[in-house]
file run-v7.pdb (PDB, C-alpha atoms)
ATOM      1  CA  MET A   1      -0.848   0.279  42.234
ATOM      2  CA  SER A   2      -3.189  -0.205  45.191
ATOM      3  CA  LEU A   3      -6.964   0.131  45.023
ATOM      4  CA  ARG A   4      -6.738   3.207  47.251
ATOM      5  CA  LEU A   5      -4.267   4.922  44.926
ATOM      6  CA  PHE A   6      -6.425   4.060  41.916
ATOM      7  CA  ALA A   7      -9.466   5.523  43.637
ATOM      8  CA  LEU A   8      -7.618   8.710  44.596
ATOM      9  CA  PHE A   9      -6.289   9.059  41.050
ATOM     10  CA  GLY A  10      -9.760   8.528  39.635
ATOM     11  CA  LEU A  11     -11.242  11.040  42.066
ATOM     12  CA  ALA A  12      -8.707  13.676  41.012
ATOM     13  CA  LEU A  13      -9.545  13.075  37.370
ATOM     14  CA  GLY A  14     -13.228  13.092  38.203
ATOM     15  CA  THR A  15     -12.843  16.494  39.805
ATOM     16  CA  LEU A  16     -11.129  17.689  36.642
ATOM     17  CA  PHE A  17     -14.007  16.381  34.528
ATOM     18  CA  ALA A  18     -16.490  17.977  36.895
ATOM     19  CA  GLY A  19     -14.778  21.303  36.355
ATOM     20  CA  GLN A  20     -15.105  20.774  32.635
ATOM     21  CA  ALA A  21     -18.791  19.974  33.096
ATOM     22  CA  ARG A  22     -19.335  23.489  34.399
ATOM     23  CA  ALA A  23     -17.916  24.892  31.171
ATOM     24  CA  ALA A  24     -20.080  25.878  28.264
ATOM     25  CA  GLY A  25     -20.520  23.546  25.287
ATOM     26  CA  PRO A  26     -22.874  20.943  23.859
ATOM     27  CA  CYS A  27     -21.431  18.122  26.000
ATOM     28  CA  HIS A  28     -22.110  20.087  29.182
ATOM     29  CA  THR A  29     -25.786  20.879  28.795
ATOM     30  CA  ASN A  30     -28.191  19.492  31.437
ATOM     31  CA  ALA A  31     -25.373  19.866  33.960
ATOM     32  CA  ASP A  32     -27.864  20.797  36.673
ATOM     33  CA  VAL A  33     -29.345  17.278  36.398
ATOM     34  CA  TRP A  34     -26.412  15.089  35.331
ATOM     35  CA  ARG A  35     -23.260  16.740  36.758
ATOM     36  CA  ALA A  36     -22.972  14.330  39.699
ATOM     37  CA  GLN A  37     -23.343  11.307  37.419
ATOM     38  CA  GLY A  38     -20.684  12.755  35.127
ATOM     39  CA  LEU A  39     -18.310  13.071  38.067
ATOM     40  CA  ALA A  40     -19.014   9.481  39.126
ATOM     41  CA  ASN A  41     -18.517   8.151  35.574
ATOM     42  CA  ALA A  42     -15.244  10.063  35.230
ATOM     43  CA  GLU A  43     -13.937   8.439  38.387
ATOM     44  CA  ALA A  44     -15.241   4.976  37.474
ATOM     45  CA  ALA A  45     -13.689   5.162  34.001
ATOM     46  CA  TYR A  46     -10.287   5.186  35.699
ATOM     47  CA  ALA A  47     -10.807   3.365  38.966
ATOM     48  CA  MET A  48     -13.809   0.986  38.915
ATOM     49  CA  PRO A  49     -12.640  -2.532  39.907
ATOM     50  CA  TRP A  50     -14.432  -5.204  37.875
ATOM     51  CA  THR A  51     -13.953  -8.382  35.818
ATOM     52  CA  PRO A  52     -15.756  -7.864  32.474
ATOM     53  CA  PHE A  53     -13.805 -10.688  30.807
ATOM     54  CA  GLY A  54     -12.755 -12.776  33.799
ATOM     55  CA  ALA A  55      -9.567 -10.951  34.843
ATOM     56  CA  MET A  56      -9.483  -7.940  37.143
ATOM     57  CA  GLU A  57      -9.507  -4.584  35.388
ATOM     58  CA  TRP A  58      -9.502  -1.010  36.665
ATOM     59  CA  GLY A  59     -11.865   1.303  34.859
ATOM     60  CA  TRP A  60     -13.460   0.993  31.450
ATOM     61  CA  ARG A  61     -11.461   3.327  29.215
ATOM     62  CA  PRO A  62     -10.608   0.618  26.610
ATOM     63  CA  TYR A  63     -14.328   0.239  25.885
ATOM     64  CA  LEU A  64     -15.264   3.930  25.815
ATOM     65  CA  PRO A  65     -15.207   4.493  22.011
ATOM     66  CA  LEU A  66     -17.636   1.604  21.408
ATOM     67  CA  ILE A  67     -19.897   2.812  24.216
ATOM     68  CA  GLN A  68     -19.890   6.346  22.808
ATOM     69  CA  GLN A  69     -20.763   4.987  19.365
ATOM     70  CA  GLU A  70     -23.672   3.025  20.814
ATOM     71  CA  LEU A  71     -24.897   6.114  22.653
ATOM     72  CA  HIS A  72     -24.554   8.294  19.520
ATOM     73  CA  THR A  73     -22.289  10.787  21.251
ATOM     74  CA  ARG A  74     -18.653  11.836  21.169
ATOM     75  CA  CYS A  75     -18.956  13.459  24.587
ATOM     76  CA  GLY A  76     -16.485  12.251  27.192
ATOM     77  CA  ALA A  77     -17.252   9.850  30.010
ATOM     78  CA  GLY A  78     -17.285  12.662  32.561
ATOM     79  CA  THR A  79     -19.807  14.883  30.818
ATOM     80  CA  PRO A  80     -23.500  15.393  31.637
ATOM     81  CA  ILE A  81     -24.519  14.508  28.075
ATOM     82  CA  PHE A  82     -22.746  11.130  28.268
ATOM     83  CA  ALA A  83     -24.612  10.409  31.515
ATOM     84  CA  SER A  84     -27.973  11.473  30.104
ATOM     85  CA  GLN A  85     -27.489   9.439  26.909
ATOM     86  CA  LEU A  86     -26.483   6.460  29.021
ATOM     87  CA  ALA A  87     -29.621   6.837  31.136
ATOM     88  CA  GLY A  88     -31.700   6.749  27.957
ATOM     89  CA  PHE A  89     -29.940   3.579  26.845
ATOM     90  CA  GLN A  90     -30.522   1.976  30.236
ATOM     91  CA  GLN A  91     -34.214   2.830  30.166
ATOM     92  CA  THR A  92     -34.586   1.440  26.637
ATOM     93  CA  HIS A  93     -33.056  -1.864  27.752
ATOM     94  CA  GLY A  94     -35.021  -2.294  30.962
ATOM     95  CA  LEU A  95     -32.354  -1.079  33.381
ATOM     96  CA  ALA A  96     -32.654   1.574  36.041
ATOM     97  CA  PRO A  97     -31.834   4.873  34.239
ATOM     98  CA  THR A  98     -29.098   5.949  36.626
ATOM     99  CA  GLY A  99     -26.781   7.437  34.005
ATOM    100  CA  LEU A 100     -23.929   5.504  35.649
ATOM    101  CA  LEU A 101     -21.936   2.898  33.758
ATOM    102  CA  ASP A 102     -21.805  -0.295  35.813
ATOM    103  CA  ALA A 103     -21.092  -3.964  35.099
ATOM    104  CA  GLU A 104     -24.768  -4.770  34.453
ATOM    105  CA  THR A 105     -25.098  -2.012  31.866
ATOM    106  CA  PHE A 106     -21.843  -3.051  30.215
ATOM    107  CA  GLN A 107     -23.126  -6.602  29.809
ATOM    108  CA  VAL A 108     -26.078  -5.239  27.812
ATOM    109  CA  PHE A 109     -23.677  -3.368  25.545
ATOM    110  CA  ARG A 110     -21.554  -6.486  25.198
ATOM    111  CA  GLY A 111     -24.568  -8.601  24.310
ATOM    112  CA  LEU A 112     -25.570  -6.192  21.537
ATOM    113  CA  TRP A 113     -22.052  -6.166  20.098
ATOM    114  CA  GLN A 114     -21.801  -9.947  20.177
ATOM    115  CA  GLU A 115     -25.205 -10.408  18.533
ATOM    116  CA  ARG A 116     -23.939  -8.470  15.518
ATOM    117  CA  ARG A 117     -21.269 -11.102  14.892
ATOM    118  CA  PRO A 118     -22.813 -14.012  12.922
ATOM    119  CA  PHE A 119     -19.909 -16.227  13.936
ATOM    120  CA  VAL A 120     -20.732 -15.754  17.616
ATOM    121  CA  MET A 121     -24.405 -16.512  17.047
ATOM    122  CA  ALA A 122     -23.443 -19.698  15.211
ATOM    123  CA  ARG A 123     -21.292 -20.711  18.183
ATOM    124  CA  VAL A 124     -24.184 -19.996  20.551
ATOM    125  CA  GLY A 125     -26.171 -22.458  18.449
ATOM    126  CA  GLY A 126     -23.462 -25.085  18.853
ATOM    127  CA  LEU A 127     -22.037 -24.726  15.354
ATOM    128  CA  CYS A 128     -18.450 -24.228  14.254
ATOM    129  CA  PRO A 129     -18.606 -22.746  10.722
ATOM    130  CA  GLU A 130     -16.665 -24.570   8.042
ATOM    131  CA  PRO A 131     -13.863 -22.734   6.207
ATOM    132  CA  PRO A 132     -14.750 -21.421   2.743
ATOM    133  CA  PRO A 133     -13.793 -23.321  -0.428
ATOM    134  CA  ILE A 134     -10.303 -22.463  -1.559
ATOM    135  CA  ASN A 135     -11.644 -20.768  -4.706
ATOM    136  CA  GLN A 136     -13.349 -18.157  -2.490
ATOM    137  CA  LEU A 137     -10.017 -17.055  -1.016
ATOM    138  CA  GLY A 138      -7.782 -14.335  -2.451
ATOM    139  CA  TYR A 139      -4.207 -13.286  -1.729
ATOM    140  CA  LEU A 140      -3.168 -10.111   0.023
ATOM    141  CA  VAL A 141      -0.357  -8.097  -1.528
ATOM    142  CA  ALA A 142       2.827  -7.376   0.432
ATOM    143  CA  GLU A 143       1.906  -3.832   1.497
ATOM    144  CA  GLU A 144      -1.297  -5.146   3.100
ATOM    145  CA  GLU A 145       0.564  -7.560   5.382
ATOM    146  CA  HIS A 146       2.000  -6.491   8.696
ATOM    147  CA  ALA A 147       5.604  -7.528   9.198
ATOM    148  CA  ASP A 148       5.041  -8.978  12.667
ATOM    149  CA  ARG A 149       2.948 -11.883  11.394
ATOM    150  CA  LEU A 150       2.597 -12.378   7.711
ATOM    151  CA  THR A 151      -0.783 -13.569   6.534
ATOM    152  CA  ARG A 152      -1.775 -14.399   2.995
ATOM    153  CA  LEU A 153      -5.478 -15.065   2.474
ATOM    154  CA  LEU A 154      -8.959 -13.630   2.971
ATOM    155  CA  ARG A 155     -12.284 -14.400   1.390
ATOM    156  CA  ARG A 156     -12.275 -12.501  -1.919
ATOM    157  CA  ASP A 157     -15.226 -10.211  -1.160
ATOM    158  CA  VAL A 158     -13.834  -9.474   2.305
ATOM    159  CA  LEU A 159     -10.509  -8.523   0.762
ATOM    160  CA  ASP A 160     -12.293  -6.113  -1.573
ATOM    161  CA  ALA A 161     -14.213  -4.569   1.342
ATOM    162  CA  TYR A 162     -10.990  -4.275   3.350
ATOM    163  CA  ARG A 163      -9.279  -2.442   0.507
ATOM    164  CA  ARG A 164     -12.159   0.011   0.209
ATOM    165  CA  LEU A 165     -12.057   0.570   3.977
ATOM    166  CA  VAL A 166      -8.305   1.306   3.908
ATOM    167  CA  ALA A 167      -8.668   3.691   0.967
ATOM    168  CA  ALA A 168     -11.353   5.614   2.848
ATOM    169  CA  ALA A 169      -9.316   5.726   6.046
ATOM    170  CA  ARG A 170      -6.255   7.042   4.209
ATOM    171  CA  ALA A 171      -8.419   9.764   2.650
ATOM    172  CA  GLU A 172     -10.180  10.708   5.897
ATOM    173  CA  VAL A 173      -7.619  10.232   8.689
ATOM    174  CA  PRO A 174      -4.293  12.122   8.538
ATOM    175  CA  GLU A 175      -2.730   9.635  10.979
ATOM    176  CA  VAL A 176      -3.474   6.741   8.617
ATOM    177  CA  ALA A 177      -2.429   8.658   5.521
ATOM    178  CA  ALA A 178       0.943   9.388   7.126
ATOM    179  CA  ASP A 179       1.729   5.829   8.238
ATOM    180  CA  PRO A 180       1.416   2.943   5.729
ATOM    181  CA  GLU A 181       1.771   0.438   8.584
ATOM    182  CA  LEU A 182      -1.590   1.396  10.047
ATOM    183  CA  LEU A 183      -4.457  -0.938   9.071
ATOM    184  CA  GLN A 184      -2.120  -3.585   7.703
ATOM    185  CA  ILE A 185      -3.355  -7.115   8.477
ATOM    186  CA  PHE A 186      -1.395  -9.319  10.846
ATOM    187  CA  SER A 187      -3.862 -12.207  10.779
ATOM    188  CA  GLY A 188      -6.500 -13.121   8.219
ATOM    189  CA  PHE A 189      -7.649 -16.590   7.184
ATOM    190  CA  ARG A 190      -6.212 -19.304   9.433
ATOM    191  CA  ASP A 191      -6.405 -22.966   8.553
ATOM    192  CA  PRO A 192      -8.441 -24.762  11.252
ATOM    193  CA  GLU A 193      -5.999 -27.686  11.481
ATOM    194  CA  ALA A 194      -3.043 -25.348  11.972
ATOM    195  CA  ASP A 195      -5.018 -23.414  14.572
ATOM    196  CA  ALA A 196      -5.859 -26.630  16.432
ATOM    197  CA  ALA A 197      -2.196 -27.682  16.446
ATOM    198  CA  ARG A 198      -1.183 -24.287  17.789
ATOM    199  CA  CYS A 199      -3.830 -24.506  20.517
ATOM    200  CA  ALA A 200      -2.547 -27.917  21.562
ATOM    201  CA  GLN A 201       1.066 -26.764  21.561
ATOM    202  CA  GLN A 202       0.563 -23.499  23.468
ATOM    203  CA  GLY A 203      -2.383 -24.508  25.648
ATOM    204  CA  ASN A 204      -3.987 -21.075  25.544
ATOM    205  CA  CYS A 205      -7.266 -21.654  23.721
ATOM    206  CA  ASP A 206      -9.422 -20.315  26.518
ATOM    207  CA  GLY A 207     -11.952 -18.646  24.211
ATOM    208  CA  LEU A 208     -10.576 -15.204  25.014
ATOM    209  CA  ARG A 209      -6.934 -15.105  23.918
ATOM    210  CA  ARG A 210      -7.509 -17.800  21.300
ATOM    211  CA  ALA A 211     -10.410 -20.078  20.498
ATOM    212  CA  VAL A 212     -10.531 -23.736  19.469
ATOM    213  CA  CYS A 213     -13.072 -22.655  16.843
ATOM    214  CA  SER A 214     -11.733 -19.292  15.669
ATOM    215  CA  PRO A 215     -13.585 -16.799  13.458
ATOM    216  CA  HIS A 216     -10.386 -16.604  11.422
ATOM    217  CA  ARG A 217     -11.273 -20.007   9.921
ATOM    218  CA  THR A 218     -14.071 -18.277   7.963
ATOM    219  CA  GLY A 219     -11.803 -15.944   5.991
ATOM    220  CA  THR A 220     -13.939 -13.024   7.175
ATOM    221  CA  ALA A 221     -11.967 -11.978  10.296
ATOM    222  CA  VAL A 222      -9.055  -9.561  10.148
ATOM    223  CA  ASP A 223      -6.587  -8.438  12.793
ATOM    224  CA  LEU A 224      -5.631  -4.877  11.880
ATOM    225  CA  TYR A 225      -2.638  -2.916  13.092
ATOM    226  CA  VAL A 226      -4.061   0.135  14.894
ATOM    227  CA  GLY A 227      -0.862   1.051  16.733
ATOM    228  CA  ARG A 228       0.824  -0.430  19.780
ATOM    229  CA  ALA A 229       1.813   0.721  23.236
ATOM    230  CA  PRO A 230       5.587   1.070  23.692
ATOM    231  CA  GLY A 231       7.147  -2.279  24.534
ATOM    232  CA  LEU A 232       3.948  -4.277  23.905
ATOM    233  CA  GLY A 233       2.825  -6.425  20.975
ATOM    234  CA  VAL A 234       0.315  -5.644  18.268
ATOM    235  CA  ASP A 235      -2.167  -7.982  19.963
ATOM    236  CA  SER A 236      -1.276  -7.550  23.624
ATOM    237  CA  THR A 237      -4.440  -7.935  25.703
ATOM    238  CA  THR A 238      -3.154  -6.091  28.759
ATOM    239  CA  PRO A 239      -5.501  -3.269  29.797
ATOM    240  CA  ALA A 240      -2.767  -0.697  29.153
ATOM    241  CA  SER A 241      -2.295  -2.010  25.610
ATOM    242  CA  ARG A 242      -5.984  -2.069  24.800
ATOM    243  CA  GLU A 243      -6.523   1.387  26.265
ATOM    244  CA  TYR A 244      -3.638   2.766  24.197
ATOM    245  CA  MET A 245      -5.146   1.335  21.002
ATOM    246  CA  ALA A 246      -8.625   2.596  21.881
ATOM    247  CA  ARG A 247      -7.296   6.146  22.081
ATOM    248  CA  THR A 248      -5.770   6.141  18.590
ATOM    249  CA  ALA A 249      -7.399   8.067  15.770
ATOM    250  CA  THR A 250      -7.223   4.887  13.681
ATOM    251  CA  TYR A 251      -9.307   2.847  16.099
ATOM    252  CA  ARG A 252     -11.808   5.625  16.693
ATOM    253  CA  TRP A 253     -12.294   5.977  12.939
ATOM    254  CA  LEU A 254     -12.908   2.234  12.665
ATOM    255  CA  VAL A 255     -15.501   2.359  15.441
ATOM    256  CA  GLU A 256     -17.390   5.095  13.607
ATOM    257  CA  ASN A 257     -16.875   3.939  10.011
ATOM    258  CA  ALA A 258     -16.018   0.243   9.645
ATOM    259  CA  GLY A 259     -19.723  -0.593   9.455
ATOM    260  CA  ARG A 260     -19.898   1.318   6.161
ATOM    261  CA  PHE A 261     -17.787  -1.480   4.691
ATOM    262  CA  GLY A 262     -19.473  -4.409   6.444
ATOM    263  CA  PHE A 263     -17.135  -4.851   9.445
ATOM    264  CA  VAL A 264     -18.074  -5.132  13.122
ATOM    265  CA  PRO A 265     -15.736  -5.175  16.150
ATOM    266  CA  TYR A 266     -14.853  -7.627  18.856
ATOM    267  CA  VAL A 267     -14.974  -5.489  21.975
ATOM    268  CA  TYR A 268     -12.088  -7.144  23.834
ATOM    269  CA  GLU A 269      -9.575  -6.798  20.973
ATOM    270  CA  PRO A 270      -9.350  -3.364  19.320
ATOM    271  CA  TRP A 271      -7.507  -4.936  16.385
ATOM    272  CA  HIS A 272     -10.084  -7.659  15.594
ATOM    273  CA  TRP A 273     -12.863  -6.955  13.056
ATOM    274  CA  GLU A 274     -15.258  -9.293  11.271
ATOM    275  CA  TYR A 275     -17.021  -8.932   7.933
ATOM    276  CA  VAL A 276     -20.676  -9.784   8.425
ATOM    277  CA  ARG A 277     -22.217  -9.774   4.966
ATOM    278  CA  PRO A 278     -22.949 -13.069   3.182
ATOM    279  CA  TRP A 279     -20.616 -14.346   0.488
ATOM    280  CA  ASP A 280     -20.947 -12.298  -2.678
ATOM    281  CA  PRO A 281     -21.090 -14.754  -5.635
ATOM    282  CA  SER A 282     -19.814 -12.062  -8.017
ATOM    283  CA  PHE A 283     -16.330 -12.594  -6.521
ATOM    284  CA  ALA A 284     -16.158 -16.217  -7.642
ATOM    285  CA  PRO A 285     -13.350 -16.773 -10.198
TER     286      PRO A 285
END
call {"tool": "encode", "arguments": {"input": "run-v7.pdb", "output": "C-alpha cells"}}
result
Amino acid sequence: MSLRLFALFGLALGTLFAGQARAAGPCHTNADVWRAQGLANAEAAYAMPWTPFGAMEWGWRPYLPLIQQELHTRCGAGTPIFASQLAGFQQTHGLAPTGLLDAETFQVFRGLWQERRPFVMARVGGLCPEPPPINQLGYLVAEEEHADRLTRLLRRDVLDAYRRLVAAARAEVPEVAADPELLQIFSGFRDPEADAARCAQQGNCDGLRRAVCSPHRTGTAVDLYVGRAPGLGVDSTTPASREYMARTATYRWLVENAGRFGFVPYVYEPWHWEYVRPWDPSFAP
C-alpha cells in the first residue's frame, strides 16, 4: 500500500478517534486542550513512516500496550488523556511536552525498557553472560511446551515463576483459561554452542532476529505463545504479526502483570520475556 493510501487510511481513523474524543468518559477529559493531539496520535498510530528497529514500519500499534503501561493509562492512542499523559512523560524525560508520539519519544521508552533487562546491560558492558550450571536447570513438562518448537529446560526458579504466572493468567483471563496452548513455551534455555552453529548455518544473527549472544543462554528467557496471525509463525516479526499479538488479551495481561512474577518484555518481540531476579539458592537440588 502506498504512503498516500496509508495516510488517508490513518486520517479516516483519526477522524473516528476524534469523534470519540468528543464523547463523555474518563479518557476524553481535557479534550479542549488535547483533542488535536489525540487526532494526530490516532493518525500516526496507523500511518507514521519510521524505522524504530532498522526496517520501515507504518505506525506504532505493535508498541501501544507497552506505551500505555508506561504512561499508567488504558486510554487509546487517539484520546486526550493519552496525549496529556504522554506530555507528562515527555516533560519528565527532558523532551518537549507536545503530547505527540514521535521517534525521539519512542527511543526514550525503548531505553527504559532495555535498561530493565539485566542481560542487555551486561551486553552494553561488553559481557556475554555464561550459561548456568546444569544443576540449576529444570525440565518443563509436556503441557508447558509448544508443539511448534519443543524446548526442555529453564533455570529452576524461573520455571517456578513461569508456572505461577500461568496459573494466575488462567485464573484471570478467560481467553487463557479456554485455550491450553496460550502461554506455552516454544523456546527456553538454548545451549550457546548450538545457537552459534545455527547462527553460522542460517546467517541471520543480526542482533534483532537472533543474536550471537542470546539471552536464552541464561535459562531466564522464555518465548511464550500469545497467539498468531493467520498464516504466520509464532515468532514472525512482520509488523502485521506483531500488531496481531499485541492486540490479544494474553499479551495485554502479560504487559500489565508479568512483572508481578519477575518477568520483563522485549519490546520488538511480543512473545519474548525475561526473568530479572537473581538466582534463588533455595531451588538448588
call {"tool": "closest_residue", "arguments": {"input": "run-v7.pdb", "among": "A:Leu112, A:Ala77, A:Leu183, A:Ala178", "to": "Leu64 in chain A", "atoms": "only C-alpha atoms"}}
result
A:Ala77
call {"tool": "resolve_selection", "arguments": {"input": "run-v7.pdb", "expression": "the PyMOL selection byres ((chain A and resi 144) around 10)", "output": "mmCIF file with C-alpha atoms, in the coordinates of the input"}}
result
data_model
loop_
_atom_site.group_PDB
_atom_site.id
_atom_site.type_symbol
_atom_site.label_atom_id
_atom_site.label_comp_id
_atom_site.auth_asym_id
_atom_site.auth_seq_id
_atom_site.Cartn_x
_atom_site.Cartn_y
_atom_site.Cartn_z
ATOM 1 C CA TYR A 139 -4.207 -13.286 -1.729
ATOM 2 C CA LEU A 140 -3.168 -10.111 0.023
ATOM 3 C CA VAL A 141 -0.357 -8.097 -1.528
ATOM 4 C CA ALA A 142 2.827 -7.376 0.432
ATOM 5 C CA GLU A 143 1.906 -3.832 1.497
ATOM 6 C CA GLU A 145 0.564 -7.560 5.382
ATOM 7 C CA HIS A 146 2.000 -6.491 8.696
ATOM 8 C CA ALA A 147 5.604 -7.528 9.198
ATOM 9 C CA LEU A 150 2.597 -12.378 7.711
ATOM 10 C CA THR A 151 -0.783 -13.569 6.534
ATOM 11 C CA ARG A 152 -1.775 -14.399 2.995
ATOM 12 C CA TYR A 162 -10.990 -4.275 3.350
ATOM 13 C CA ARG A 163 -9.279 -2.442 0.507
ATOM 14 C CA VAL A 166 -8.305 1.306 3.908
ATOM 15 C CA PRO A 180 1.416 2.943 5.729
ATOM 16 C CA GLU A 181 1.771 0.438 8.584
ATOM 17 C CA LEU A 182 -1.590 1.396 10.047
ATOM 18 C CA LEU A 183 -4.457 -0.938 9.071
ATOM 19 C CA GLN A 184 -2.120 -3.585 7.703
ATOM 20 C CA ILE A 185 -3.355 -7.115 8.477
ATOM 21 C CA PHE A 186 -1.395 -9.319 10.846
ATOM 22 C CA LEU A 224 -5.631 -4.877 11.880
#
call {"tool": "atom_distance", "arguments": {"input": "run-v7.pdb", "atom1": "CA of Asn30 in chain A", "atom2": "CA of Gly94 in chain A"}}
result
22.8 Å
call {"tool": "residues_around", "arguments": {"input": "run-v7.pdb", "residues": "Ala240 in chain A", "least_positions_apart": "3", "cutoff": "12 Å", "atoms": "only C-alpha atoms", "output": "CSV table (one decimal) with C-alpha atoms, keeping the file's coordinate frame"}}
result
chain,number,residue,atom,x,y,z
A,46,TYR,CA,-10.3,5.2,35.7
A,57,GLU,CA,-9.5,-4.6,35.4
A,58,TRP,CA,-9.5,-1.0,36.7
A,59,GLY,CA,-11.9,1.3,34.9
A,60,TRP,CA,-13.5,1.0,31.4
A,61,ARG,CA,-11.5,3.3,29.2
A,62,PRO,CA,-10.6,0.6,26.6
A,228,ARG,CA,0.8,-0.4,19.8
A,229,ALA,CA,1.8,0.7,23.2
A,230,PRO,CA,5.6,1.1,23.7
A,231,GLY,CA,7.1,-2.3,24.5
A,232,LEU,CA,3.9,-4.3,23.9
A,233,GLY,CA,2.8,-6.4,21.0
A,235,ASP,CA,-2.2,-8.0,20.0
A,236,SER,CA,-1.3,-7.6,23.6
A,237,THR,CA,-4.4,-7.9,25.7
A,243,GLU,CA,-6.5,1.4,26.3
A,244,TYR,CA,-3.6,2.8,24.2
A,245,MET,CA,-5.1,1.3,21.0
A,246,ALA,CA,-8.6,2.6,21.9
A,247,ARG,CA,-7.3,6.1,22.1
call {"tool": "atom_distance", "arguments": {"input": "run-v7.pdb", "atom1": "CA of Gly76 in chain A", "atom2": "CA of Tyr225 in chain A"}}
result
24.9 Å
call {"tool": "resolve_selection", "arguments": {"input": "run-v7.pdb", "expression": "the PyMOL selection byres ((chain A and resi 87) around 6)", "output": "PyMOL selection string"}}
result
chain A and resi 84-86+88-90+97-99
call {"tool": "write_last_selection", "arguments": {"input": "run-v7.pdb", "atoms": "C-alpha atoms", "output": "mmCIF file, in the coordinates of the input"}}
result
data_model
loop_
_atom_site.group_PDB
_atom_site.id
_atom_site.type_symbol
_atom_site.label_atom_id
_atom_site.label_comp_id
_atom_site.auth_asym_id
_atom_site.auth_seq_id
_atom_site.Cartn_x
_atom_site.Cartn_y
_atom_site.Cartn_z
ATOM 1 C CA SER A 84 -27.973 11.473 30.104
ATOM 2 C CA GLN A 85 -27.489 9.439 26.909
ATOM 3 C CA LEU A 86 -26.483 6.460 29.021
ATOM 4 C CA GLY A 88 -31.700 6.749 27.957
ATOM 5 C CA PHE A 89 -29.940 3.579 26.845
ATOM 6 C CA GLN A 90 -30.522 1.976 30.236
ATOM 7 C CA PRO A 97 -31.834 4.873 34.239
ATOM 8 C CA THR A 98 -29.098 5.949 36.626
ATOM 9 C CA GLY A 99 -26.781 7.437 34.005
#
call {"tool": "axis_aligned_box", "arguments": {"input": "run-v7.pdb", "around": "range 46-49 of chain A", "padding_each_side": "6 Å", "output": "lines of an AutoDock Vina configuration file"}}
result
center_x = -12.0
center_y = 1.3
center_z = 37.8
size_x = 15.5
size_y = 19.7
size_z = 16.2
call {"tool": "atom_distance", "arguments": {"input": "run-v7.pdb", "atom1": "CA of Thr29 in chain A", "atom2": "CA of Cys75 in chain A"}}
result
10.9 Å
call {"tool": "resolve_selection", "arguments": {"input": "run-v7.pdb", "expression": "the PyMOL selection byres ((chain A and resi 284) around 12)", "output": "VMD selection string"}}
result
chain A and resid 132 to 138 155 to 157 279 to 283 285
call {"tool": "closest_atom_pairs", "arguments": {"input": "run-v7.pdb", "of": "range 84-133 of chain A", "to": "range 254-273 of chain A", "cutoff": "8 Å", "atoms": "only C-alpha atoms", "output": "tab-separated table"}}
result
residue	atom	partner	partner_atom	distance
A:Arg110	CA	A:Val267	CA	7.4
A:Trp113	CA	A:Val267	CA	7.4
A:Gln114	CA	A:Tyr266	CA	7.4
A:Arg116	CA	A:Val264	CA	7.2
A:Arg117	CA	A:Val264	CA	7.0
